[in-house]
$ cat upload_30.cif   # mmCIF, C-alpha atoms
data_structure
loop_
_atom_site.label_atom_id
_atom_site.label_comp_id
_atom_site.auth_asym_id
_atom_site.auth_seq_id
_atom_site.Cartn_x
_atom_site.Cartn_y
_atom_site.Cartn_z
CA MET A 682 -30.56 -18.99 15.75
CA ASP A 683 -33.53 -17.35 17.47
CA ARG A 684 -32.72 -14.05 15.74
CA LEU A 685 -32.55 -15.37 12.18
CA ALA A 686 -35.52 -14.88 9.86
CA VAL A 687 -37.76 -17.89 9.35
CA GLU A 688 -37.22 -17.77 5.58
CA LEU A 689 -33.43 -17.90 6.02
CA LEU A 690 -33.64 -20.78 8.49
CA ASN A 691 -35.88 -22.64 6.10
CA HIS A 692 -33.28 -22.43 3.34
CA ILE A 693 -30.51 -23.50 5.73
CA PHE A 694 -32.49 -26.54 6.83
CA PHE A 695 -33.04 -27.69 3.26
CA TYR A 696 -29.28 -27.59 2.69
CA ALA A 697 -28.71 -29.46 5.97
CA CYS A 698 -31.24 -32.26 5.42
CA THR A 699 -29.28 -34.08 2.73
CA ASP A 700 -27.96 -37.02 4.76
CA GLY A 701 -30.90 -39.41 4.52
CA GLY A 702 -32.95 -38.16 7.48
CA GLN A 703 -30.61 -37.99 10.49
CA THR A 704 -30.33 -34.21 10.49
CA GLY A 705 -34.08 -33.81 9.97
CA CYS A 706 -34.81 -35.99 13.00
CA SER A 707 -32.27 -34.09 15.11
CA LEU A 708 -33.74 -30.71 14.19
CA ALA A 709 -37.21 -31.92 15.21
CA LEU A 710 -35.88 -32.53 18.73
CA VAL A 711 -34.26 -29.11 19.26
CA SER A 712 -37.35 -27.09 20.17
CA LYS A 713 -40.96 -26.58 19.14
CA ARG A 714 -39.99 -23.54 17.09
CA ILE A 715 -37.18 -25.31 15.21
CA ARG A 716 -39.39 -28.35 14.70
CA ALA A 717 -42.06 -26.17 13.08
CA ILE A 718 -39.60 -24.21 10.93
CA SER A 719 -37.71 -27.31 9.77
CA ARG A 720 -40.86 -29.33 9.05
CA PRO A 721 -40.89 -28.63 5.25
CA ALA A 722 -37.25 -29.82 4.99
CA ARG A 723 -37.38 -32.70 7.47
CA PHE A 724 -38.11 -35.38 4.83
CA TYR A 725 -36.14 -33.77 1.99
CA SER A 726 -33.93 -36.89 1.87
CA VAL A 727 -34.92 -40.19 3.46
CA ALA A 728 -33.00 -43.47 3.78
CA LEU A 729 -35.11 -46.51 4.62
CA PHE A 730 -33.58 -49.93 5.19
CA SER A 731 -33.63 -53.06 7.33
CA SER A 732 -37.31 -53.84 7.89
CA PRO A 733 -40.92 -53.24 6.76
CA ALA A 734 -41.67 -51.99 10.27
CA LYS A 735 -39.35 -49.00 9.73
CA ILE A 736 -41.20 -48.12 6.54
CA GLU A 737 -44.50 -48.18 8.41
CA GLN A 738 -43.06 -45.98 11.16
CA PHE A 739 -41.81 -43.52 8.56
CA LEU A 740 -45.19 -43.35 6.81
CA GLN A 741 -46.93 -42.71 10.12
CA ALA A 742 -44.54 -39.86 11.00
CA TYR A 743 -44.73 -38.48 7.46
CA HIS A 744 -48.54 -38.32 7.52
CA GLN A 745 -48.54 -36.71 10.97
CA GLU A 746 -46.09 -33.99 9.98
CA ARG A 747 -47.96 -33.23 6.78
CA ALA A 748 -51.20 -32.94 8.76
CA ARG A 749 -49.55 -30.42 11.14
CA SER A 750 -48.13 -28.30 8.31
CA LEU A 751 -49.76 -24.90 7.93
CA ASP A 752 -48.13 -23.69 4.69
CA MET A 753 -45.39 -25.63 2.88
CA LEU A 754 -46.03 -29.38 2.93
CA PRO A 755 -43.11 -31.69 3.72
CA ARG A 756 -42.15 -33.70 0.63
CA VAL A 757 -39.68 -36.51 0.00
CA ARG A 758 -37.36 -35.44 -2.81
CA HIS A 759 -34.64 -38.07 -2.44
CA LEU A 760 -35.25 -41.66 -1.32
CA TRP A 761 -32.89 -44.55 -0.58
CA LEU A 762 -34.78 -47.83 -0.21
CA SER A 763 -32.74 -50.89 0.74
CA TYR A 764 -32.87 -54.06 2.85
CA ASP A 765 -30.87 -55.16 5.92
CA GLU A 766 -27.79 -53.12 4.99
CA ASN A 767 -26.75 -52.26 8.54
CA GLY A 768 -26.61 -55.80 9.80
CA SER A 769 -28.67 -54.94 12.89
CA GLY A 770 -30.65 -58.14 12.70
CA ASP A 771 -34.08 -56.47 12.64
CA SER A 772 -34.81 -57.09 8.96
CA GLY A 773 -37.23 -59.92 9.65
CA MET A 774 -34.78 -62.55 8.37
CA PRO A 775 -33.23 -64.91 10.95
CA THR A 776 -29.56 -64.24 11.67
CA ASN A 777 -29.04 -67.65 13.27
CA ALA A 778 -30.70 -71.03 13.20
CA PRO A 779 -33.48 -71.52 15.80
CA PRO A 780 -32.38 -73.25 19.04
CA ALA A 781 -34.10 -76.49 18.06
CA LEU A 782 -31.96 -76.67 14.91
CA ALA A 783 -28.74 -75.28 16.34
CA ALA A 784 -28.51 -77.43 19.48
CA LYS A 785 -28.21 -80.83 17.83
CA HIS A 786 -25.03 -81.72 15.97
CA PRO A 787 -25.43 -84.32 13.20
CA THR A 788 -23.53 -87.57 13.66
CA SER A 789 -24.14 -88.99 10.18
CA ARG A 790 -24.58 -87.86 6.62
CA ALA A 791 -28.32 -88.57 6.76
CA GLU A 792 -28.73 -86.43 9.90
CA PHE A 793 -26.69 -83.64 8.32
CA LEU A 794 -28.86 -83.59 5.19
CA ALA A 795 -32.05 -83.67 7.30
CA LEU A 796 -30.79 -80.76 9.42
CA LEU A 797 -29.84 -78.82 6.29
CA GLN A 798 -33.32 -79.35 4.84
CA ARG A 799 -35.01 -78.10 8.03
CA ARG A 800 -32.82 -75.03 8.11
CA THR A 801 -33.62 -74.32 4.45
CA GLN A 802 -37.33 -74.61 5.17
CA HIS A 803 -36.93 -72.27 8.14
CA TRP A 804 -35.20 -69.62 6.02
CA ARG A 805 -37.67 -70.05 3.18
CA SER A 806 -40.59 -69.52 5.55
CA ALA A 807 -38.95 -66.38 6.94
CA GLN A 808 -38.36 -65.06 3.40
CA VAL A 809 -42.01 -65.66 2.44
CA ASN A 810 -43.14 -63.81 5.55
CA LEU A 811 -40.79 -60.92 4.79
CA ASP A 812 -42.01 -60.74 1.19
CA GLU A 813 -45.61 -60.53 2.39
CA GLN A 814 -44.75 -57.62 4.65
CA TYR A 815 -42.88 -55.74 1.93
CA ASN A 816 -45.68 -56.38 -0.58
CA ARG A 817 -47.99 -54.63 1.87
CA VAL A 818 -45.91 -51.57 2.76
CA ILE A 819 -43.90 -50.86 -0.42
CA PRO A 820 -46.98 -49.97 -2.55
CA MET A 821 -48.15 -47.54 0.16
CA LEU A 822 -44.73 -45.91 0.27
CA ILE A 823 -44.31 -45.62 -3.51
CA ARG A 824 -47.80 -44.16 -4.05
CA GLU A 825 -47.07 -41.59 -1.36
CA VAL A 826 -43.69 -40.35 -2.62
CA ALA A 827 -43.68 -41.03 -6.39
CA PRO A 828 -45.17 -37.66 -7.44
CA ASP A 829 -42.45 -35.65 -5.65
CA LEU A 830 -39.24 -37.69 -5.96
CA HIS A 831 -36.19 -36.20 -7.67
CA SER A 832 -33.85 -39.14 -7.01
CA LEU A 833 -34.43 -42.78 -6.07
CA ALA A 834 -31.94 -45.51 -5.17
CA LEU A 835 -33.55 -48.94 -4.97
CA ASN A 836 -31.91 -52.11 -3.67
CA GLN A 837 -34.52 -54.81 -4.22
CA SER A 838 -32.29 -57.88 -4.60
CA ARG A 839 -33.83 -59.57 -1.55
CA TRP A 840 -37.48 -58.68 -2.19
CA ARG A 841 -39.69 -60.77 -4.46
CA SER A 842 -42.51 -58.46 -5.47
CA THR A 843 -45.96 -59.79 -6.31
CA THR A 844 -47.64 -56.37 -6.32
CA VAL A 845 -47.88 -53.94 -9.21
CA VAL A 846 -48.11 -50.26 -8.25
CA ARG A 847 -50.02 -48.21 -10.81
CA CYS A 848 -48.06 -44.97 -10.76
CA PHE A 849 -45.42 -42.96 -12.58
CA PHE A 850 -42.59 -40.64 -11.55
CA PRO A 851 -43.18 -37.24 -13.18
CA ARG A 852 -40.26 -35.40 -11.47
CA LEU A 853 -37.70 -38.19 -11.03
CA ARG A 854 -34.34 -37.11 -12.47
CA GLU A 855 -31.96 -39.79 -11.19
CA LEU A 856 -32.55 -43.50 -10.59
CA THR A 857 -30.26 -46.27 -9.31
CA CYS A 858 -31.52 -49.85 -9.50
CA ILE A 859 -29.72 -52.71 -7.74
CA GLY A 860 -31.18 -56.02 -8.84
CA GLY A 861 -33.02 -55.16 -12.05
CA ASP A 862 -35.92 -52.94 -13.03
CA PRO A 863 -38.24 -51.76 -10.23
CA SER A 864 -40.19 -54.93 -9.49
CA PHE A 865 -43.24 -53.02 -8.29
CA LEU A 866 -43.52 -51.29 -11.68
CA PRO A 867 -42.80 -53.92 -14.37
CA PHE A 868 -42.95 -52.57 -17.90
CA GLY A 869 -44.75 -55.66 -19.17
CA ALA A 870 -47.61 -55.24 -16.72
CA VAL A 871 -48.16 -51.48 -16.92
CA ASP A 872 -47.45 -51.11 -20.64
CA PRO A 873 -48.08 -54.45 -22.39
CA ASP A 874 -48.55 -52.95 -25.85
CA GLY A 875 -45.93 -50.17 -25.59
CA ARG A 876 -48.44 -47.34 -26.01
CA CYS A 877 -48.79 -45.75 -22.56
CA ALA A 878 -47.18 -42.45 -21.61
CA PRO A 879 -43.57 -42.58 -20.35
CA LEU A 880 -43.28 -43.70 -16.72
CA TYR A 881 -40.11 -41.62 -16.19
CA PRO A 882 -40.59 -38.55 -18.42
CA SER A 883 -38.01 -36.37 -16.58
CA LEU A 884 -35.36 -39.03 -15.90
CA GLN A 885 -31.89 -37.84 -16.90
CA ARG A 886 -29.53 -40.31 -15.17
CA LEU A 887 -30.05 -44.06 -14.92
CA HIS A 888 -27.66 -46.44 -13.13
CA HIS A 889 -28.33 -50.18 -13.39
CA ILE A 890 -26.32 -52.47 -11.10
CA LEU A 891 -26.74 -56.05 -12.21
CA THR A 892 -26.66 -58.82 -9.60
CA PRO A 893 -26.09 -62.60 -9.81
CA THR A 894 -29.83 -63.16 -9.39
CA CYS A 895 -30.93 -60.47 -11.85
CA LYS A 896 -28.90 -59.76 -14.97
CA VAL A 897 -31.79 -59.38 -17.42
CA VAL A 898 -32.64 -55.79 -18.34
CA ASN A 899 -34.44 -54.77 -21.52
CA PHE A 900 -33.04 -51.33 -22.29
CA ILE A 901 -35.52 -50.84 -25.12
CA ASN A 902 -38.21 -50.43 -22.44
CA TRP A 903 -36.10 -47.72 -20.84
CA GLY A 904 -35.68 -46.06 -24.22
CA ARG A 905 -39.46 -45.76 -24.44
CA HIS A 906 -40.14 -44.71 -20.85
CA ALA A 907 -37.15 -42.41 -20.17
CA PRO A 908 -36.99 -40.25 -23.31
CA ALA A 909 -35.06 -37.41 -21.61
CA LEU A 910 -32.13 -39.59 -20.49
CA THR A 911 -28.70 -37.98 -20.82
CA HIS A 912 -26.50 -40.28 -18.71
CA LEU A 913 -26.55 -44.08 -18.55
CA ARG A 914 -24.38 -46.32 -16.40
CA VAL A 915 -24.45 -50.14 -16.32
CA SER A 916 -22.38 -51.80 -13.61
CA ARG A 917 -21.32 -55.44 -13.41
CA LEU A 918 -22.29 -55.93 -17.05
CA ASP A 919 -21.68 -59.56 -18.06
CA PHE A 920 -21.50 -61.41 -21.37
CA SER A 921 -24.60 -63.36 -20.36
CA PRO A 922 -27.51 -63.00 -20.89
CA ARG A 923 -27.18 -61.83 -24.46
CA SER A 924 -30.52 -59.99 -24.37
CA THR A 925 -29.14 -57.42 -21.92
CA LEU A 926 -26.10 -56.75 -24.10
CA GLU A 927 -28.09 -56.64 -27.33
CA THR A 928 -30.76 -54.22 -26.06
CA LEU A 929 -28.10 -52.00 -24.47
CA GLU A 930 -26.16 -51.74 -27.72
CA HIS A 931 -29.39 -51.17 -29.64
CA VAL A 932 -30.42 -48.08 -27.63
CA ILE A 933 -26.96 -46.46 -27.55
CA SER A 934 -25.89 -47.22 -31.12
CA ASP A 935 -25.66 -44.62 -33.89
CA ALA A 936 -28.48 -46.36 -35.74
CA SER A 937 -30.99 -45.50 -32.97
CA SER A 938 -30.16 -41.79 -32.74
CA ASN A 939 -33.74 -40.67 -33.35
CA GLU A 940 -35.54 -43.67 -31.85
CA PHE A 941 -34.09 -44.02 -28.33
CA PHE A 942 -32.29 -41.62 -25.98
CA HIS A 943 -31.86 -38.83 -28.52
CA ARG A 944 -30.39 -36.61 -25.74
CA LEU A 945 -27.84 -39.18 -24.58
CA GLN A 946 -24.47 -37.59 -23.73
CA ARG A 947 -22.58 -40.13 -21.61
CA VAL A 948 -22.46 -43.92 -21.20
CA ILE A 949 -20.40 -45.64 -18.49
CA ILE A 950 -19.91 -49.41 -18.40
CA LEU A 951 -18.29 -51.29 -15.54
CA PRO A 952 -17.76 -54.92 -16.60
CA HIS A 953 -18.31 -57.91 -14.39
CA PRO A 954 -15.08 -59.17 -12.77
CA PRO A 955 -13.25 -61.90 -14.72
CA PRO A 956 -13.64 -65.57 -13.78
CA PRO A 957 -11.54 -66.57 -10.76
CA PRO A 958 -8.35 -68.57 -11.24
CA GLY A 959 -9.04 -72.21 -11.99
CA SER A 960 -12.30 -71.54 -13.85
CA ALA A 961 -13.30 -73.60 -16.86
CA GLU A 962 -11.54 -72.71 -20.10
CA SER A 963 -14.89 -71.96 -21.77
CA ALA A 964 -15.70 -69.29 -19.14
CA VAL A 965 -12.30 -67.67 -19.59
CA LEU A 966 -12.69 -67.65 -23.37
CA CYS A 967 -16.15 -66.10 -23.14
CA TYR A 968 -14.81 -63.34 -20.92
CA VAL A 969 -11.94 -62.61 -23.32
CA GLN A 970 -14.44 -62.30 -26.18
CA PHE A 971 -16.55 -60.04 -23.97
CA THR A 972 -13.61 -57.69 -23.34
CA HIS A 973 -12.89 -57.53 -27.08
CA TYR A 974 -16.56 -56.66 -27.66
CA LEU A 975 -16.38 -53.80 -25.12
CA ARG A 976 -13.21 -52.39 -26.69
CA ALA A 977 -14.90 -52.19 -30.10
CA LEU A 978 -18.15 -50.74 -28.75
CA PRO A 979 -17.14 -47.02 -28.69
CA GLU A 980 -16.97 -47.01 -32.49
CA ARG A 981 -20.68 -47.82 -32.73
CA VAL A 982 -22.31 -45.59 -30.11
CA LYS A 983 -23.75 -42.11 -30.38
CA ALA A 984 -22.50 -40.75 -27.03
CA GLN A 985 -19.22 -40.59 -25.16
CA LEU A 986 -18.53 -44.09 -23.83
CA THR A 987 -16.27 -44.95 -20.91
CA VAL A 988 -15.47 -48.58 -20.11
CA LEU A 989 -14.05 -48.77 -16.60
CA PRO A 990 -11.67 -51.51 -15.46
CA PRO A 991 -13.56 -54.31 -13.66
CA MET A 992 -13.74 -54.04 -9.91
CA ILE A 993 -11.96 -57.07 -8.47
CA LYS A 994 -12.75 -57.49 -4.80
CA ALA A 995 -12.91 -60.63 -2.69
CA ARG A 996 -16.34 -61.31 -1.23
CA PRO A 997 -16.25 -61.36 2.59
CA HIS A 998 -19.02 -63.92 2.86
CA GLN A 999 -20.93 -66.39 0.78
CA GLY A 1000 -24.30 -65.50 -0.74
CA VAL A 1001 -25.85 -63.69 -3.68
CA ASP A 1002 -26.35 -60.29 -2.03
CA ALA A 1003 -23.78 -57.56 -2.38
CA PRO A 1004 -21.66 -57.20 0.78
CA LYS A 1005 -23.26 -54.88 3.30
CA GLU A 1006 -20.31 -52.47 3.35
CA CYS A 1007 -20.61 -52.08 -0.43
CA ILE A 1008 -24.30 -51.23 -0.17
CA VAL A 1009 -23.43 -48.69 2.52
CA ASN A 1010 -20.82 -47.25 0.15
CA LEU A 1011 -23.46 -46.88 -2.55
CA ARG A 1012 -25.61 -45.00 -0.05
CA ARG A 1013 -22.66 -42.67 0.54
CA LEU A 1014 -22.51 -42.01 -3.21
CA TRP A 1015 -26.27 -41.33 -3.20
CA VAL A 1016 -25.79 -38.72 -0.46
CA GLU A 1017 -22.88 -37.25 -2.42
CA ARG A 1018 -25.14 -36.76 -5.44
CA ILE A 1019 -27.78 -34.99 -3.32
CA GLN A 1020 -25.10 -32.64 -2.05
CA GLY A 1021 -23.98 -31.82 -5.59
CA GLY A 1022 -21.03 -34.20 -5.98
CA PRO A 1023 -20.36 -36.58 -8.87
CA GLY A 1024 -21.26 -39.75 -6.96
CA CYS A 1025 -21.21 -42.83 -9.16
CA TRP A 1026 -20.75 -40.69 -12.27
CA ALA A 1027 -17.09 -40.00 -11.51
CA THR A 1028 -14.74 -41.86 -13.84
CA GLY A 1029 -11.49 -41.29 -11.95
CA PRO A 1030 -9.71 -43.83 -9.71
CA PRO A 1031 -12.32 -46.37 -8.53
CA VAL A 1032 -13.45 -46.61 -4.93
CA PRO A 1033 -14.39 -49.95 -3.33
CA SER A 1034 -17.97 -50.75 -4.23
CA PRO A 1035 -20.02 -53.60 -5.70
CA VAL A 1036 -20.51 -51.69 -8.93
#

$ encode --input "upload_30.cif" --output "structure tokens"
Amino acid sequence: MDRLAVELLNHIFFYACTDGGQTGCSLALVSKRIRAISRPARFYSVALFSSPAKIEQFLQAYHQERARSLDMLPRVRHLWLSYDENGSGDSGMPTNAPPALAAKHPTSRAEFLALLQRRTQHWRSAQVNLDEQYNRVIPMLIREVAPDLHSLALNQSRWRSTTVVRCFFPRLRELTCIGGDPSFLPFGAVDPDGRCAPLYPSLQRLHHILTPTCKVVNFINWGRHAPALTHLRVSRLDFSPRSTLETLEHVISDASSNEFFHRLQRVIILPHPPPPPGSAESAVLCYVQFTHYLRALPERVKAQLTVLPPMIKARPHQGVDAPKECIVNLRRLWVERIQGGPGCWATGPPVPSPV
């Protein structure tokens, strides 16, 4: 490696640093020479998850490496931003009840309800504290990387944003949203009258993964702010709320050929799983009507439409968040896209995922 030209090594390192940051960190520890040569590629792809403290540590290292750069500045081109996906327990949320609440076992219904209330308050306080930390560090991160990003995968289902980041993504080509539109960049706040310049002018591929806590997406906003879109995927699409279905059909229908997504080539829909056995008859009937609606949809759209079979997978634990292993699988698909693979845009045999 010592005999290879610096320019050749630089190209090799860019191809190597496509795994979310592990290879970049390893190269920085090889030697001073390799650290200096690999510096422009070190942050080519970055995966951040689990805690606000890790985001702060990344920003500190990122600023230091950029300050040391003599020619080509390190830039983040691909970012995965998620929360507590590795189950390491350092996310800021309690993994167990505090000793004072866990030691005492209730002996009556009243004691059980009182204990449940205290535990709920404990978790709520921890969530508020975590939200405050994220509302402090996420804006700093987004402002730093937004101008250079080519792809962004955002899992925000556990973060309640109260901060609006005034920015746009001029180079972003691929975006995956788990849990609704980016909460730090709400369309209603940054473009209340629908007249500002597109926030995602170069976006070509958009993947929306709806969650139980966020199923509302206004695709008309995306039609205005992602005019170059060619591929659209909506996963876990449900028959409720109607506004999501109606705006989706509006932007992909033949009638909107010149108004929204005039470059649209491909639409992929993965329906929400059917109601479990024993569900109310009304829920089953609604789902049957929903499947009939999806079957008739290809006749009314302007692009190739693929409706995948619903992913039926038992949840390993209770809660509203997608299972951790499914989020990790989505990160694998994100890495696959960086490396040139189809990722979530493959329509062959499905792989286990929450989408």

$ atom_distance --input "upload_30.cif" --atom1 "atom CA of A:Tyr764" --atom2 "atom CA of A:Arg723"
22.3 Å

$ closest_residue --input "upload_30.cif" --among "A:Ser763, A:Asn691, A:Ser864, A:Thr987" --to "A:Phe730" --atoms "all atoms listed in the file"
A:Ser763

$ atom_distance --input "upload_30.cif" --atom1 "atom CA of A:Gln738" --atom2 "atom CA of A:Gly702"
13.3 Å

$ resolve_selection --input "upload_30.cif" --expression "the PyMOL selection byres ((chain A and resi 900) around 8)" --output "count of residues only"
10

$ closest_residue --input "upload_30.cif" --among "A:Glu813, A:Phe920, A:Lys896, A:Leu794" --to "A:Leu966" --atoms "all atoms listed in the file"
A:Phe920

$ closest_residue --input "upload_30.cif" --among "A:Ala709, A:Val1016, A:Leu796, A:Cys1025" --to "A:Leu887" --atoms "all atoms listed in the file"
A:Cys1025

$ resolve_selection --input "upload_30.cif" --expression "the PyMOL selection byres ((chain A and resi 881) around 10)" --output "count of residues only"
22

$ resolve_selection --input "upload_30.cif" --expression "the PyMOL selection byres ((chain A and resi 933) around 12)" --output "MDAnalysis selection string"
chainID A and resid 900:901 903:904 910:914 926:932 934:950 978:986

$ closest_residue --input "upload_30.cif" --among "A:Pro990, A:Tyr974, A:Ala834, A:Asn816" --to "A:Val1009" --atoms "all atoms listed in the file"
A:Ala834

$ residues_around --input "upload_30.cif" --residues "A:Arg1013" --least-positions-apart "4" --cutoff "9 Å" --atoms "all atoms listed in the file" --output "PyMOL selection string"
chain A and resi 700+1008-1009+1017-1018+1024

$ axis_aligned_box --input "upload_30.cif" --around "stretch 829-840 of chain A" --padding-each-side "3 Å" --output "lines of an AutoDock Vina configuration file"
center_x = -37.2
center_y = -47.6
center_z = -4.6
size_x = 16.5
size_y = 29.9
size_z = 12.1

$ residues_around --input "upload_30.cif" --residues "A:Tyr743" --least-positions-apart "2" --cutoff "10 Å" --atoms "only C-alpha atoms" --output "JSON, numbers by chain"
{"A": [723, 724, 737, 738, 739, 740, 741, 745, 746, 747, 748, 755, 756, 757, 825]}

$ closest_residue --input "upload_30.cif" --among "A:Pro956, A:Pro991, A:Pro893, A:Gly701" --to "A:Gly861" --atoms "all atoms listed in the file"
A:Pro893

$ residues_around --input "upload_30.cif" --residues "A:Leu866" --least-positions-apart "4" --cutoff "9 Å" --atoms "all atoms listed in the file" --output "compact mmCIF listing (two decimals) with C-alpha atoms, in the frame of the given file"
# COMPACT_ATOMS: atom_id res chain seq x y z
CA THR A 844 -47.64 -56.37 -6.32
CA VAL A 845 -47.88 -53.94 -9.21
CA VAL A 846 -48.11 -50.26 -8.25
CA ARG A 847 -50.02 -48.21 -10.81
CA CYS A 848 -48.06 -44.97 -10.76
CA PHE A 849 -45.42 -42.96 -12.58
CA ASP A 862 -35.92 -52.94 -13.03
CA ALA A 870 -47.61 -55.24 -16.72
CA VAL A 871 -48.16 -51.48 -16.92

$ atom_distance --input "upload_30.cif" --atom1 "atom CA of A:Gln798" --atom2 "atom CA of A:Tyr815"
25.6 Å

$ build_atoms --input "upload_30.cif" --residues "stretch 741-765 of chain A" --atoms "N, CA and C atoms" --output "short mmCIF file (atom, residue, chain, number, x, y, z; two decimals), in the frame of the given file"
data_model
loop_
_atom_site.label_atom_id
_atom_site.label_comp_id
_atom_site.auth_asym_id
_atom_site.auth_seq_id
_atom_site.Cartn_x
_atom_site.Cartn_y
_atom_site.Cartn_z
N GLN A 741 -46.12 -43.28 9.05
CA GLN A 741 -46.93 -42.71 10.12
C GLN A 741 -46.44 -41.31 10.49
N ALA A 742 -45.10 -41.17 10.66
CA ALA A 742 -44.54 -39.86 11.00
C ALA A 742 -44.73 -38.87 9.85
N TYR A 743 -44.58 -39.34 8.63
CA TYR A 743 -44.73 -38.48 7.46
C TYR A 743 -46.15 -37.92 7.36
N HIS A 744 -47.14 -38.77 7.58
CA HIS A 744 -48.54 -38.32 7.52
C HIS A 744 -48.83 -37.35 8.66
N GLN A 745 -48.29 -37.60 9.84
CA GLN A 745 -48.54 -36.71 10.97
C GLN A 745 -47.95 -35.33 10.73
N GLU A 746 -46.73 -35.28 10.22
CA GLU A 746 -46.09 -33.99 9.98
C GLU A 746 -46.77 -33.22 8.86
N ARG A 747 -47.22 -33.91 7.86
CA ARG A 747 -47.96 -33.23 6.78
C ARG A 747 -49.28 -32.68 7.29
N ALA A 748 -49.94 -33.41 8.20
CA ALA A 748 -51.20 -32.94 8.76
C ALA A 748 -51.00 -31.70 9.63
N ARG A 749 -49.83 -31.57 10.27
CA ARG A 749 -49.55 -30.42 11.14
C ARG A 749 -49.08 -29.21 10.35
N SER A 750 -48.69 -29.39 9.10
CA SER A 750 -48.13 -28.30 8.31
C SER A 750 -49.20 -27.26 7.99
N LEU A 751 -48.82 -26.00 8.16
CA LEU A 751 -49.76 -24.90 7.93
C LEU A 751 -49.55 -24.23 6.57
N ASP A 752 -48.37 -24.34 5.99
CA ASP A 752 -48.13 -23.69 4.69
C ASP A 752 -47.45 -24.65 3.72
N MET A 753 -46.13 -24.80 3.81
CA MET A 753 -45.39 -25.63 2.88
C MET A 753 -45.39 -27.09 3.35
N LEU A 754 -45.95 -27.98 2.54
CA LEU A 754 -46.03 -29.38 2.93
C LEU A 754 -44.65 -30.04 2.86
N PRO A 755 -44.34 -30.89 3.83
CA PRO A 755 -43.11 -31.69 3.72
C PRO A 755 -43.23 -32.65 2.53
N ARG A 756 -42.16 -32.79 1.78
CA ARG A 756 -42.15 -33.70 0.63
C ARG A 756 -40.82 -34.45 0.60
N VAL A 757 -40.88 -35.71 0.17
CA VAL A 757 -39.68 -36.51 0.00
C VAL A 757 -39.16 -36.27 -1.41
N ARG A 758 -37.97 -35.70 -1.50
CA ARG A 758 -37.36 -35.44 -2.81
C ARG A 758 -36.33 -36.49 -3.18
N HIS A 759 -35.69 -37.09 -2.19
CA HIS A 759 -34.64 -38.07 -2.44
C HIS A 759 -34.86 -39.28 -1.52
N LEU A 760 -34.94 -40.46 -2.10
CA LEU A 760 -35.25 -41.66 -1.32
C LEU A 760 -34.23 -42.76 -1.60
N TRP A 761 -33.71 -43.34 -0.52
CA TRP A 761 -32.89 -44.55 -0.58
C TRP A 761 -33.70 -45.67 0.05
N LEU A 762 -33.96 -46.72 -0.69
CA LEU A 762 -34.78 -47.83 -0.21
C LEU A 762 -33.99 -49.12 -0.36
N SER A 763 -33.59 -49.72 0.77
CA SER A 763 -32.74 -50.89 0.74
C SER A 763 -33.21 -51.86 1.82
N TYR A 764 -32.46 -52.98 1.96
CA TYR A 764 -32.87 -54.06 2.85
C TYR A 764 -31.69 -54.58 3.65
N ASP A 765 -31.81 -54.52 5.00
CA ASP A 765 -30.87 -55.16 5.92
C ASP A 765 -29.43 -54.79 5.61
#
